[in-house]
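The structure file work.cif is reproduced below (mmCIF, C-alpha atoms).
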data_entry
loop_
_atom_site.label_atom_id
_atom_site.label_comp_id
_atom_site.auth_asym_id
_atom_site.auth_seq_id
_atom_site.Cartn_x
_atom_site.Cartn_y
_atom_site.Cartn_z
CA MET W 1293 75.32 83.76 87.06
CA GLU W 1294 73.55 81.93 89.87
CA MET W 1295 75.28 81.91 93.22
CA SER W 1296 75.14 79.08 95.72
CA LEU W 1297 74.89 79.95 99.40
CA SER W 1298 75.77 76.38 100.25
CA LYS W 1299 79.20 76.75 98.67
CA THR W 1300 80.63 79.26 101.10
CA GLN W 1301 83.57 79.85 103.33
CA SER W 1302 82.11 81.57 106.40
CA TYR W 1303 82.94 82.63 109.93
CA THR W 1304 80.15 83.68 112.30
CA ASN W 1305 82.19 85.95 114.59
CA SER W 1306 82.17 89.68 114.00
CA VAL W 1307 84.69 91.02 111.54
CA ILE W 1308 88.03 92.31 112.87
CA ILE W 1309 88.78 95.93 112.00
CA LYS W 1310 92.11 97.69 112.39
CA THR W 1311 93.28 101.18 111.45
CA ALA W 1312 95.97 101.88 108.85
CA GLU W 1313 98.72 103.92 110.50
CA LYS W 1314 100.40 104.99 107.26
CA ASP W 1315 99.51 105.55 103.61
CA ARG W 1316 99.94 102.37 101.52
CA HIS W 1317 100.65 100.26 104.64
CA VAL W 1318 98.33 98.12 106.79
CA PRO W 1319 98.64 95.54 109.61
CA ASP W 1320 100.28 92.29 108.48
CA ASP W 1321 97.14 90.21 109.07
CA PHE W 1322 95.03 92.17 106.55
CA TYR W 1323 92.45 90.17 104.61
CA SER W 1324 93.31 89.82 100.90
CA THR W 1325 90.23 89.53 98.69
CA THR W 1326 89.28 87.04 96.00
CA ASN W 1327 87.14 87.88 92.98
CA HIS W 1328 84.14 86.04 94.49
CA GLN W 1329 81.14 87.76 96.07
CA THR W 1330 82.06 88.55 99.68
CA PHE W 1331 80.13 89.51 102.81
CA ILE W 1332 81.37 90.65 106.22
CA PHE W 1333 79.53 90.30 109.54
CA LEU W 1334 79.19 93.90 110.66
CA ASN W 1335 76.81 95.36 113.27
CA ASN W 1336 75.11 91.98 113.74
CA LYS W 1337 74.31 91.44 110.06
CA TRP W 1338 75.95 90.25 106.84
CA VAL W 1339 76.87 93.16 104.57
CA GLU W 1340 78.05 92.73 100.96
CA VAL W 1341 81.44 94.11 100.00
CA LYS W 1342 81.25 96.49 97.04
CA HIS W 1343 83.56 96.79 94.02
CA GLN W 1344 84.63 93.15 94.34
CA ARG W 1345 87.99 92.22 92.80
CA MET W 1346 90.93 90.00 93.68
CA ASP W 1347 94.11 91.07 95.51
CA ALA W 1348 92.53 94.02 97.28
CA LEU W 1349 91.75 94.91 100.90
CA ILE W 1350 88.35 95.46 102.48
CA VAL W 1351 87.95 98.98 103.85
CA ILE W 1352 84.92 100.20 105.80
CA ASN W 1353 83.66 103.77 105.60
CA GLU W 1354 80.32 105.46 106.35
CA PHE W 1355 78.76 103.80 103.29
CA GLY W 1356 79.88 100.27 104.19
CA PRO W 1357 82.64 97.84 103.13
CA TYR W 1358 84.34 97.99 99.74
CA CYS W 1359 87.48 96.73 98.01
CA LYS W 1360 90.46 99.07 97.89
CA LYS W 1361 93.92 98.47 96.43
CA LEU W 1362 96.89 98.57 98.80
CA ARG W 1363 98.47 101.46 96.92
CA ASP W 1364 95.32 103.54 97.55
CA ILE W 1365 95.20 102.96 101.32
CA LYS W 1366 95.33 106.17 103.37
CA LYS W 1367 96.31 106.68 106.98
CA GLY W 1368 93.21 106.22 109.13
CA ASP W 1369 91.41 103.78 106.81
CA LYS W 1370 89.47 101.07 108.67
CA VAL W 1371 90.78 97.78 107.28
CA VAL W 1372 89.36 94.26 107.70
CA CYS W 1373 91.95 91.88 109.15
CA GLY W 1374 92.09 88.14 109.77
CA ASP W 1375 89.42 85.69 108.56
CA SER W 1376 86.76 86.13 111.21
CA GLY W 1377 83.34 87.41 110.12
CA ILE W 1378 83.95 86.91 106.40
CA LYS W 1379 81.82 84.89 104.01
CA VAL W 1380 82.91 84.13 100.43
CA ILE W 1381 80.28 82.89 97.98
CA THR W 1382 81.47 80.94 94.96
CA SER W 1383 79.73 80.14 91.71
CA SER W 1384 77.31 77.21 91.76
CA ASN W 1385 78.24 76.06 88.26
CA LYS W 1386 81.74 75.03 89.28
CA GLU W 1387 81.59 71.59 90.86
CA ASP W 1388 85.23 71.04 91.71
CA TYR W 1389 86.01 73.79 94.21
CA ASN W 1390 84.57 75.36 97.32
CA SER W 1391 86.84 78.36 97.64
CA PHE W 1392 89.02 80.71 95.62
CA ASN W 1393 91.80 78.73 93.94
CA PHE W 1394 94.63 79.15 91.50
CA MET W 1395 95.45 76.55 88.83
CA SER W 1396 91.91 75.66 87.72
CA ASN W 1397 90.58 76.16 84.19
CA ASP W 1398 87.72 75.52 81.78
CA VAL W 1399 89.02 75.35 78.22
CA SER W 1400 86.57 74.30 75.54
CA SER W 1401 87.49 71.68 72.97
CA GLU W 1402 86.84 72.23 69.28
CA ARG W 1403 83.48 70.47 69.42
CA ARG W 1404 82.18 73.05 71.93
CA ASN W 1405 83.13 76.16 70.00
CA ASP W 1406 79.97 76.30 67.87
CA VAL W 1407 77.79 75.97 70.96
CA LEU W 1408 79.63 78.71 72.84
CA ILE W 1409 79.57 81.05 69.84
CA HIS W 1410 75.83 80.43 69.42
CA ASN W 1411 75.18 81.11 73.11
CA LEU W 1412 77.27 84.28 73.01
CA ALA W 1413 75.51 85.53 69.88
CA SER W 1414 72.15 84.77 71.50
CA LYS W 1415 73.01 86.94 74.50
CA LEU W 1416 73.95 89.82 72.20
CA VAL W 1417 70.89 89.53 69.96
CA ASN W 1418 68.15 88.25 72.26
CA GLU W 1419 69.23 89.69 75.62
CA ASN W 1420 70.75 92.95 74.32
CA LYS W 1421 74.02 92.31 76.13
CA LYS W 1422 77.17 94.12 75.03
CA LEU W 1423 80.79 93.05 74.81
CA THR W 1424 83.74 94.61 76.54
CA ILE W 1425 86.53 93.72 74.10
CA VAL W 1426 90.09 93.15 75.34
CA ALA W 1427 92.16 92.74 72.19
CA GLY W 1428 95.73 92.33 71.00
CA PRO W 1429 97.22 93.25 67.59
CA VAL W 1430 96.78 89.67 66.36
CA VAL W 1431 93.15 90.64 65.72
CA VAL W 1432 94.44 92.90 62.93
CA HIS W 1433 97.07 90.48 61.61
CA THR W 1434 94.53 87.63 61.26
CA GLY W 1435 91.91 89.73 59.48
CA GLY W 1436 89.63 89.80 62.51
CA ASP W 1437 89.61 93.60 62.42
CA TYR W 1438 86.97 93.54 59.66
CA TYR W 1439 84.55 91.58 61.87
CA LEU W 1440 85.39 93.46 65.06
CA SER W 1441 84.70 96.70 63.18
CA GLU W 1442 81.31 95.31 62.18
CA LEU W 1443 80.50 94.39 65.79
CA ILE W 1444 81.32 97.95 66.86
CA ARG W 1445 79.35 99.48 64.00
CA ASN W 1446 76.27 97.39 64.86
CA ASN W 1447 76.30 98.38 68.55
CA TYR W 1448 77.41 95.06 70.08
CA VAL W 1449 80.52 96.53 71.76
CA ALA W 1450 80.38 98.62 74.94
CA SER W 1451 84.09 99.40 75.15
CA LEU W 1452 87.54 98.42 73.87
CA LEU W 1453 90.54 97.78 76.12
CA SER W 1454 93.89 97.25 74.45
CA GLY W 1455 97.44 98.49 74.09
CA ASN W 1456 99.30 100.74 71.70
CA ALA W 1457 100.00 98.01 69.13
CA LEU W 1458 96.40 97.17 68.21
CA ALA W 1459 95.63 100.79 67.39
CA VAL W 1460 98.93 101.33 65.53
CA HIS W 1461 98.52 98.30 63.24
CA ASP W 1462 94.81 98.94 62.74
CA ILE W 1463 95.58 102.48 61.59
CA GLU W 1464 98.57 101.27 59.53
CA LYS W 1465 96.34 98.78 57.73
CA ASN W 1466 93.66 101.33 56.95
CA LEU W 1467 96.08 104.04 55.82
CA PHE W 1468 98.68 101.99 53.95
CA GLY W 1469 97.14 98.57 53.34
CA THR W 1470 99.74 96.70 55.40
CA SER W 1471 99.93 95.09 58.82
CA LEU W 1472 103.49 94.91 60.16
CA GLY W 1473 104.57 95.60 56.60
CA VAL W 1474 102.61 92.65 55.14
CA CYS W 1475 100.05 93.41 52.44
CA SER W 1476 96.56 92.79 53.82
CA LYS W 1477 95.29 91.59 50.42
CA THR W 1478 98.09 89.35 49.14
CA GLY W 1479 99.86 88.32 52.33
CA ASN W 1480 103.18 89.29 50.76
CA VAL W 1481 105.83 91.44 52.41
CA VAL W 1482 105.77 94.95 50.90
CA GLU W 1483 109.06 96.62 50.03
CA ASN W 1484 109.90 99.06 52.83
CA GLY W 1485 106.61 98.07 54.45
CA TYR W 1486 108.35 97.75 57.81
CA ARG W 1487 108.25 101.54 57.96
CA ASN W 1488 104.48 101.80 57.70
CA HIS W 1489 103.61 101.42 61.38
CA MET W 1490 105.91 104.35 62.16
CA ARG W 1491 104.34 106.32 59.31
CA ALA W 1492 100.93 105.59 60.85
CA ILE W 1493 102.04 106.91 64.25
CA ASN W 1494 103.45 110.00 62.55
CA GLN W 1495 100.16 110.62 60.74
CA VAL W 1496 98.18 110.47 63.99
CA ASN W 1497 100.68 112.73 65.72
CA GLY W 1498 100.12 115.27 62.97
CA TYR W 1499 96.41 115.44 63.84
CA GLY W 1500 96.97 115.29 67.60
CA SER W 1501 94.89 112.19 68.34
CA ILE W 1502 92.99 109.29 66.80
CA GLU W 1503 89.82 111.36 67.03
CA GLY W 1504 91.61 114.17 65.23
CA ILE W 1505 92.67 112.04 62.27
CA VAL W 1506 89.16 110.57 61.97
CA LYS W 1507 87.43 113.96 62.11
CA ALA W 1508 89.86 115.30 59.50
CA GLY W 1509 88.72 112.55 57.12
CA LYS W 1510 92.18 111.04 56.80
CA LEU W 1511 91.30 107.75 58.57
CA LYS W 1512 88.12 106.33 57.03
CA SER W 1513 87.84 102.73 58.26
CA GLY W 1514 89.01 100.23 60.86
CA ILE W 1515 88.54 99.39 64.52
CA MET W 1516 89.63 102.75 65.90
CA TYR W 1517 87.65 104.61 63.23
CA GLU W 1518 84.47 102.76 64.23
CA CYS W 1519 85.10 103.45 67.93
CA ILE W 1520 85.32 107.20 67.24
CA LYS W 1521 82.37 107.26 64.85
CA ASN W 1522 80.10 105.22 67.13
CA GLY W 1523 81.12 106.77 70.44
CA VAL W 1524 82.61 103.55 71.83
CA PRO W 1525 85.07 104.37 74.63
CA PHE W 1526 88.53 102.82 74.46
CA VAL W 1527 91.65 102.67 76.60
CA LEU W 1528 95.11 102.02 75.18
CA ALA W 1529 97.50 100.96 77.94
CA GLY W 1530 101.16 101.51 77.09
CA SER W 1531 104.12 99.22 77.65
CA LEU W 1532 107.92 99.31 77.58
CA ARG W 1533 108.04 97.93 74.02
CA ASP W 1534 105.72 100.49 72.40
CA ASP W 1535 106.75 102.38 69.29
CA GLY W 1536 105.66 106.00 69.40
CA PRO W 1537 103.44 105.63 71.27
CA LEU W 1538 100.24 107.09 69.87
CA PRO W 1539 99.11 110.29 71.63
CA ASP W 1540 96.03 108.43 72.95
CA THR W 1541 98.12 105.74 74.66
CA ILE W 1542 98.32 106.03 78.45
CA THR W 1543 101.93 105.41 79.48
CA ASP W 1544 101.41 105.73 83.24
CA MET W 1545 100.48 102.19 84.38
CA ILE W 1546 98.57 103.31 87.46
CA GLU W 1547 96.52 105.70 85.36
CA ALA W 1548 95.97 103.00 82.72
CA GLN W 1549 94.77 100.51 85.35
CA GLY W 1550 92.33 103.09 86.65
CA ALA W 1551 90.98 103.78 83.16
CA TYR W 1552 90.55 100.04 82.52
CA GLY W 1553 88.76 99.69 85.85
CA GLU W 1554 86.25 102.45 85.06
CA LEU W 1555 85.11 100.69 81.87
CA LEU W 1556 85.19 97.21 83.44
CA ALA W 1557 82.86 98.40 86.20
CA LYS W 1558 80.15 98.56 83.52
CA ALA W 1559 81.05 95.28 81.78
CA GLU W 1560 78.41 92.61 81.04
CA ILE W 1561 80.47 90.12 79.00
CA VAL W 1562 84.25 90.41 78.64
CA LEU W 1563 85.82 88.92 75.50
CA VAL W 1564 89.62 88.58 75.54
CA LEU W 1565 91.10 88.21 72.05
CA SER W 1566 94.69 87.00 71.85
CA THR W 1567 96.28 89.18 74.51
CA MET W 1568 97.62 87.30 77.53
CA LEU W 1569 98.91 90.17 79.65
CA HIS W 1570 95.95 92.48 79.11
CA GLY W 1571 93.63 89.50 79.63
CA ILE W 1572 95.18 88.56 82.98
CA ALA W 1573 95.15 92.20 84.06
CA VAL W 1574 91.46 92.46 83.25
CA GLY W 1575 90.72 89.16 85.01
CA ASN W 1576 92.30 90.56 88.18
CA MET W 1577 89.89 93.51 88.11
CA LEU W 1578 86.67 91.57 87.57
CA PRO W 1579 84.30 89.96 90.06
CA SER W 1580 83.72 86.28 89.27
CA LYS W 1581 80.05 86.91 88.39
CA ILE W 1582 81.06 88.60 85.12
CA GLN W 1583 81.26 86.21 82.16
CA LEU W 1584 84.81 86.07 80.80
CA ILE W 1585 85.74 84.39 77.50
CA CYS W 1586 89.33 84.09 76.28
CA VAL W 1587 90.11 83.24 72.64
CA ASP W 1588 93.63 82.37 71.51
CA ILE W 1589 95.33 79.95 69.12
CA ASN W 1590 97.73 79.01 71.93
CA SER W 1591 96.12 76.72 74.51
CA ALA W 1592 98.63 77.83 77.16
CA VAL W 1593 97.26 81.37 76.95
CA VAL W 1594 93.62 80.44 77.41
CA THR W 1595 94.38 78.30 80.46
CA LYS W 1596 96.70 80.87 82.06
CA LEU W 1597 93.87 83.33 82.61
CA SER W 1598 91.94 80.95 84.87
CA ASP W 1599 95.21 79.70 86.37
CA ARG W 1600 95.70 83.24 87.69
CA GLY W 1601 92.46 83.06 89.67
CA SER W 1602 89.77 84.01 87.13
CA SER W 1603 87.86 80.78 87.69
CA GLN W 1604 84.86 81.93 85.67
CA ALA W 1605 86.95 82.16 82.47
CA THR W 1606 86.06 79.97 79.49
CA GLY W 1607 88.83 79.41 76.96
CA ILE W 1608 88.48 78.77 73.23
CA VAL W 1609 91.53 77.51 71.37
CA THR W 1610 91.20 78.85 67.84
CA ASP W 1611 92.26 81.65 65.51
CA VAL W 1612 90.75 84.96 66.67
CA GLY W 1613 89.99 86.04 63.10
CA LEU W 1614 88.00 82.86 62.52
CA PHE W 1615 86.22 83.23 65.86
CA LEU W 1616 85.11 86.79 65.08
CA ASN W 1617 83.99 85.72 61.60
CA LEU W 1618 81.84 82.92 63.05
CA LEU W 1619 80.43 85.19 65.76
CA VAL W 1620 79.32 87.80 63.21
CA LYS W 1621 77.75 85.12 61.00
CA GLU W 1622 75.89 83.61 63.98
CA ILE W 1623 74.56 87.06 64.92
CA GLN W 1624 73.36 87.58 61.36
CA LEU W 1625 71.69 84.16 61.36
CA LEU W 1626 69.86 84.84 64.62
CA LYS W 1627 68.71 88.26 63.42
CA SER W 1628 67.37 86.76 60.18
CA LYS W 1629 65.23 84.34 62.22
CA ALA W 1630 63.88 87.01 64.56
#
In structure tokens, write the structure found in this file.
Amino acid sequence: MEMSLSKTQSYTNSVIIKTAEKDRHVPDDFYSTTNHQTFIFLNNKWVEVKHQRMDALIVINEFGPYCKKLRDIKKGDKVVCGDSGIKVITSSNKEDYNSFNFMSNDVSSERRNDVLIHNLASKLVNENKKLTIVAGPVVVHTGGDYYLSELIRNNYVASLLSGNALAVHDIEKNLFGTSLGVCSKTGNVVENGYRNHMRAINQVNGYGSIEGIVKAGKLKSGIMYECIKNGVPFVLAGSLRDDGPLPDTITDMIEAQGAYGELLAKAEIVLVLSTMLHGIAVGNMLPSKIQLICVDINSAVVTKLSDRGSSQATGIVTDVGLFLNLLVKEIQLLKSKA
């Protein structure tokens, strides 16, 4: 994404640096970061801040300035305070703002979906970009799991970030043919099918992990199967509502955030599929230069992501199963023309 130096918030005085006197506590005038590219005026020159993300602090060590979360601050850290000596560079393709803002969004109408899907497919096929997928269980319920599995199998996915539910219902579907107790072929509720997601968790527990059940030959298809078989890393972040959870699910939220962050640091294109909370969490961790696409049938969800500060987010209001179907078909079309 091109950056415009003319669209900046800048202060020419040297940056103000203060020392943290306690762990997890800093002076009240600390500078809180945005997700936009940021420089500080240090030692008579502008120096870029590393690991850019929103809602962090800028800490300076022997290697230079970088973003650090408040909870990770240690006594003695050198923290940037105030607004002096800070320059924030915003994206040049946004015409309606000149600084970090909440409550702004870019949601595509139906007539733009084909264009966006074509452009996304072109980046995957012609530019060898890869997707970081952030997905909710609706992907499975809508039949999008078939197409997501194909994307993973054909090396278009760098990593998968999700929660316990996606993996549970994906495994349920591929072991018992149901998703939340509904037959995946007929769409009818199966007698006693409500038990199947718990049976799926029990099966995985018996093998110790998702990798264990795949290697044993018990799980032979699906999203999680393809991740294991193709070496695609995944993180399942737990929540209060989880059944089980699966042994692979990380129930410590701080640990889960860290695991998400490690994979997001390598992200090229982030695709959020019908998961508002995971999508917003991911948006908070990303610099604004990373392309972020949110797909959901509910327009309120696709606008909320950019409303929370992820100004680079593009929203598509449509069924995620349909979107994944169209994306796979567009990839196949482009490959056939190559």
Quick check on the file I pasted: which residues fall under the PyMOL selection byres ((chain W and resi 1326-1342) around 7)? Write them as a list in words.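 Those residues are Ser1306, Val1307, Ser1324, Thr1325, His1343, Gln1344, Arg1345, Met1346, Asp1347, Pro1357, Tyr1358, Cys1359, Gly1377, Ile1378, Lys1379, Val1380, Ile1381, Thr1382, Phe1392, Leu1578, Pro1579 and Ser1580 of chain W.
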Could you write those residues out with C-alpha atoms, as an mmCIF file, in the frame of the given file?
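Generated file (out.cif):
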data_model
loop_
_atom_site.group_PDB
_atom_site.id
_atom_site.type_symbol
_atom_site.label_atom_id
_atom_site.label_comp_id
_atom_site.auth_asym_id
_atom_site.auth_seq_id
_atom_site.Cartn_x
_atom_site.Cartn_y
_atom_site.Cartn_z
ATOM 1 C CA SER W 1306 82.170 89.680 114.000
ATOM 2 C CA VAL W 1307 84.690 91.020 111.540
ATOM 3 C CA SER W 1324 93.310 89.820 100.900
ATOM 4 C CA THR W 1325 90.230 89.530 98.690
ATOM 5 C CA HIS W 1343 83.560 96.790 94.020
ATOM 6 C CA GLN W 1344 84.630 93.150 94.340
ATOM 7 C CA ARG W 1345 87.990 92.220 92.800
ATOM 8 C CA MET W 1346 90.930 90.000 93.680
ATOM 9 C CA ASP W 1347 94.110 91.070 95.510
ATOM 10 C CA PRO W 1357 82.640 97.840 103.130
ATOM 11 C CA TYR W 1358 84.340 97.990 99.740
ATOM 12 C CA CYS W 1359 87.480 96.730 98.010
ATOM 13 C CA GLY W 1377 83.340 87.410 110.120
ATOM 14 C CA ILE W 1378 83.950 86.910 106.400
ATOM 15 C CA LYS W 1379 81.820 84.890 104.010
ATOM 16 C CA VAL W 1380 82.910 84.130 100.430
ATOM 17 C CA ILE W 1381 80.280 82.890 97.980
ATOM 18 C CA THR W 1382 81.470 80.940 94.960
ATOM 19 C CA PHE W 1392 89.020 80.710 95.620
ATOM 20 C CA LEU W 1578 86.670 91.570 87.570
ATOM 21 C CA PRO W 1579 84.300 89.960 90.060
ATOM 22 C CA SER W 1580 83.720 86.280 89.270
#
For this structure, which residues satisfy the selection - the PyMOL selection byres ((chain W and resi 1321) around 6) - when it is evaluated on the file as given? I want them as a list in words.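 Written out, the selection comes to Pro1319, Asp1320, Phe1322, Cys1373 and Gly1374 of chain W.
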Given all atoms listed in the file as the counted atoms, nearest of W:Asn1522, W:Ser1566, W:Ser1441, W:Asn1484 to Ser1454 (chain W):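 For Ser1454 (chain W), the nearest of the candidates is W:Ser1566.
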So what do you get for CA of Val1593 (chain W) versus CA of Ile1515 (chain W), distance-wise?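 Distance between the two atoms: 23.6 Å.
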Could you jot down the CA of Glu1547 (chain W) to CA of Leu1528 (chain W) separation for me, Å, one decimal place? 10.9 Å
Selection: 12 Å around Asp1535 (chain W), all atoms listed in the file, excl. self and same-chain fewer than 5 positions, as number ranges by chain: W: 1455-1461, 1487-1494, 1530, 1541, 1543
Distance criterion (all atoms listed in the file): nearest to Ala1450 (chain W) out of W:Glu1560, W:Glu1464, W:Asp1369, W:Glu1503: W:Glu1560
Please, which residues are within 12 Å of (72.9, 85.6, 74.9) by the file's coordinates, counting only C-alpha atoms, and could they come as a ChimeraX atom specification? /W:1407-1423,1448,1560-1561,1583,1619,1622-1623,1626
Keeping C-alpha atoms, export the residues of the selection given above as a compact mmCIF listing (two decimals), in the frame of the given file.
# COMPACT_ATOMS: atom_id res chain seq x y z
CA VAL W 1407 77.79 75.97 70.96
CA LEU W 1408 79.63 78.71 72.84
CA ILE W 1409 79.57 81.05 69.84
CA HIS W 1410 75.83 80.43 69.42
CA ASN W 1411 75.18 81.11 73.11
CA LEU W 1412 77.27 84.28 73.01
CA ALA W 1413 75.51 85.53 69.88
CA SER W 1414 72.15 84.77 71.50
CA LYS W 1415 73.01 86.94 74.50
CA LEU W 1416 73.95 89.82 72.20
CA VAL W 1417 70.89 89.53 69.96
CA ASN W 1418 68.15 88.25 72.26
CA GLU W 1419 69.23 89.69 75.62
CA ASN W 1420 70.75 92.95 74.32
CA LYS W 1421 74.02 92.31 76.13
CA LYS W 1422 77.17 94.12 75.03
CA LEU W 1423 80.79 93.05 74.81
CA TYR W 1448 77.41 95.06 70.08
CA GLU W 1560 78.41 92.61 81.04
CA ILE W 1561 80.47 90.12 79.00
CA GLN W 1583 81.26 86.21 82.16
CA LEU W 1619 80.43 85.19 65.76
CA GLU W 1622 75.89 83.61 63.98
CA ILE W 1623 74.56 87.06 64.92
CA LEU W 1626 69.86 84.84 64.62
Can you work out the spacing between CA of Thr1610 (chain W) and CA of Thr1434 (chain W) in Å, to one decimal? 11.5 Å
Exercise: residues within 9 Å of coordinate (95.4, 103.7, 110.7), counting only C-alpha atoms, as number ranges by chain: W: 1310-1315, 1317-1319, 1366-1371
Please produce a file of those selected residues containing C-alpha atoms, as a PDB file, keeping the file's coordinate frame.
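Output below, filename part17.pdb:
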ATOM      1  CA  LYS W1310      92.110  97.690 112.390  1.00  0.00           C
ATOM      2  CA  THR W1311      93.280 101.180 111.450  1.00  0.00           C
ATOM      3  CA  ALA W1312      95.970 101.880 108.850  1.00  0.00           C
ATOM      4  CA  GLU W1313      98.720 103.920 110.500  1.00  0.00           C
ATOM      5  CA  LYS W1314     100.400 104.990 107.260  1.00  0.00           C
ATOM      6  CA  ASP W1315      99.510 105.550 103.610  1.00  0.00           C
ATOM      7  CA  HIS W1317     100.650 100.260 104.640  1.00  0.00           C
ATOM      8  CA  VAL W1318      98.330  98.120 106.790  1.00  0.00           C
ATOM      9  CA  PRO W1319      98.640  95.540 109.610  1.00  0.00           C
ATOM     10  CA  LYS W1366      95.330 106.170 103.370  1.00  0.00           C
ATOM     11  CA  LYS W1367      96.310 106.680 106.980  1.00  0.00           C
ATOM     12  CA  GLY W1368      93.210 106.220 109.130  1.00  0.00           C
ATOM     13  CA  ASP W1369      91.410 103.780 106.810  1.00  0.00           C
ATOM     14  CA  LYS W1370      89.470 101.070 108.670  1.00  0.00           C
ATOM     15  CA  VAL W1371      90.780  97.780 107.280  1.00  0.00           C
TER      16      VAL W1371
END
So what does the PyMOL selection byres ((chain W and resi 1555) around 10) actually pick up in this one, as number ranges by chain? W: 1424, 1450-1453, 1525-1527, 1550-1554, 1556-1559
Box along x, y and z, 5 Å on every side, all listed atoms of region 1310-1323 of chain W inside: centre and edge lengths in Å to one decimal, as AutoDock Vina command-line options.
--center_x 96.4 --center_y 97.9 --center_z 107.0 --size_x 18.5 --size_y 25.4 --size_z 20.9
Looking at all atoms listed in the file, which of W:Lys1596, W:Lys1627, W:Lys1621, W:Lys1465 is the one that sits closest to Leu1511 (chain W)?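 Looking only at the distances to Leu1511 (chain W), the closest residue turns out to be W:Lys1465.
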Identify which of the residues W:Gln1624, W:Asn1466, W:Thr1606, W:Ser1531 lies closest to Ala1548 (chain W), counting all atoms listed in the file when measuring atom-to-atom distances.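 Looking only at the distances to Ala1548 (chain W), the closest residue turns out to be W:Ser1531.
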